[in-house]
Structure formats: C-alpha cells, structure tokens
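> Before anything else, here's the structure in question.
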Amino acid sequence: MNLERYKLIVSQEQGQYEFLSEGPKGVIRKVIHYLPIGNSIYNLGFGDWDEVNQKINDKSRSNNGDREKILVTVADSVMHFMQLHPRAIVFSRGETPSKTRLYQMVIAREWKTISKLYKIKGFYLGKWEDFIPAQNYDAFTLEILQ
C-alpha cells in the first residue's frame with residue numbers, strides 16, 4: 001500500500017502505537033493497542049485518546065476528514081506489530097457493525113496485496129472461515145503466512 005499515512009509513534013508500553021490525526025476538527029490523538037487475550041492472540045484496539053479517563057475511546061467518531069489516511073496508518077501498525085511478533089494472531093472487530101463493515105471493505109479492497117502476506121479468517125454464523133471478500137463477517141483474525 002503506497003498511500004498517504006501518519007507517522008506512527010511506537011510507545012514505550014509494549015504493543016501500543018500513537019499518531020496525530022489532523023483535519024478540520026483540529027489535531028486528535030489516536031492510539032492503537034495490541035492487547036494479549038490468549039496464547040499468541042492479540043486484540044487490536046483503536047480509537048481517540050480520552051485525556052480525562054486516560055484510556056482509548058473506541059466508540060468515538062471524530063470525523064476529521066482523514067479516514068483513509070487513518071486506516072492506512074492502522075494497517076502500518078499491524079505490519080510493524082507482526083514483524084515484532086511473527087507468530088501472533090491479531091483479532092479485530094469494530095465496536096459497531098458499521099466499523100466492522102468498514103474494516104472488511106478495506107481488507108477486500110486491498111485483498112490482492114494482503115493475501116500474499118497474511119492469512120485472514122472471518123467469523124460468520126458462529127464459526128471461523130477463510131476470508132472471502134464478498135462475505136460479511138462479525139470479526140477477523142490475521143496472521144503471517146508461514
């Protein structure tokens with residue numbers, strides 16, 4: 001993906017990345033966190049940083065006019081994280097069905113590139129299956145092709 005992206009800041013806290021979204025609503029701090037949830041399985045958490053509560057707000061919709069740039073930046077963090085943890089499985093699900101659908105649309109759009117590097121599964125009707133671009137899924141996993 002040779003698209004415009006933000007500069008990622010790798011946090012001292014393991015598995016955390018930050019960047020600043022810039023647009024009509026100003027500068028918004030975004031945080032991506034890979035939280036271990038099982039044996040080599042990490043949940044990809046993402047959202048605006050909530051200064052008051054000192055945590056990621058994954059329900060926020062900042063609408064700063066830079067959605068594509070943000071999505072490319074999150075994808076960059078996945079690639080960086082997977083380089084550091086080549087046996088990891090990254091789990092992702094949007095906080096809302098519309099966010100999950102957005103993630104799926106990006107995966108489908110970039111499928112030719114992604115499928116050469118990663119194995120992606122989708123969760124559909126209570127089971128995991130190999131990702132099919134036209135299928136609607138409730139969640140996704142990603143791992144490096146071995």
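Ligands are numbered from 1 in the order shown, residues from 1 within each chain, and chains are lettered A, B, ... in the order they appear in the structure tokens.
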Can you build me a table of region 57-128 of chain A residues sitting at most 6 Å from region 39-53 of chain A, with the closest atom pair per residue and its distance in Å to one decimal, using only C-alpha atoms, sorted by chain and residue number, as a tab-separated table?


residue	atom	partner	partner_atom	distance
A:Asn57	CA	A:Gly47	CA	5.2
A:Asp58	CA	A:Gly47	CA	4.2
A:Ala88	CA	A:Ser40	CA	4.9
A:Ile89	CA	A:Ile41	CA	4.7
A:Val90	CA	A:Tyr42	CA	4.9
A:Phe91	CA	A:Asn43	CA	4.8
A:Ser92	CA	A:Leu44	CA	5.4

> Which residues, written as an MDAnalysis selection string, have at least one atom at most 10 Å from region 127-132 of chain A, with only C-alpha atoms counted and residues fewer than 5 positions away on the same chain left out?

chainID A and resid 104 107:108 111 115 119:122 137:142

> What is the CA of Tyr124 (chain A)-CA of Arg109 (chain A) distance in Å, reported with one decimal?

19.4 Å

> Please identify which residues in region 56-136 of chain A DSSP calls helix (DSSP H, G or I) from the backbone, and express them as a PyMOL selection string.

chain A and resi 67-84+97-109+111-117

> Smallest atom-to-atom distance to Asn63 (chain A): which of A:Gly26, A:Thr100, A:His80, A:Ile32, using only C-alpha atoms?

A:Gly26

> Using only C-alpha atoms, which residues sit within 12 Å of Ser98 (chain A) once same-chain residues fewer than 3 positions away are excluded, as a PyMOL selection string?

chain A and resi 59+61+93-95+101-105+136-139

> I'd like the interatomic distance between CA of Arg87 (chain A) and CA of His33 (chain A), to a tenth of an Å.

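Spanning CA of Arg87 (chain A) to CA of His33 (chain A) is a straight-line distance of 17.4 Å.
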
> Have a look at CA of Ser62 (chain A) and CA of Pro36 (chain A) and let me know their distance in Å, one decimal.

26.6 Å

> Leaving out region 1-14 of chain A and any residue of its chain fewer than 5 positions from it, which residues lie within 10 Å of it when counting only C-alpha atoms, given as a ChimeraX atom specification?

/A:19-22,30-35,66,68-77,80-81,110,113-114

> Identify, with DSSP run on backbone atoms, the residues in region 60-93 of chain A assigned to strand (DSSP E or B), and express the list as a count of residues only.

4

> From the options A:Val78, A:His85, A:Gln16, A:Ile37, which residue's atoms come nearest to Ile56 (chain A), counting only C-alpha atoms?

A:Gln16
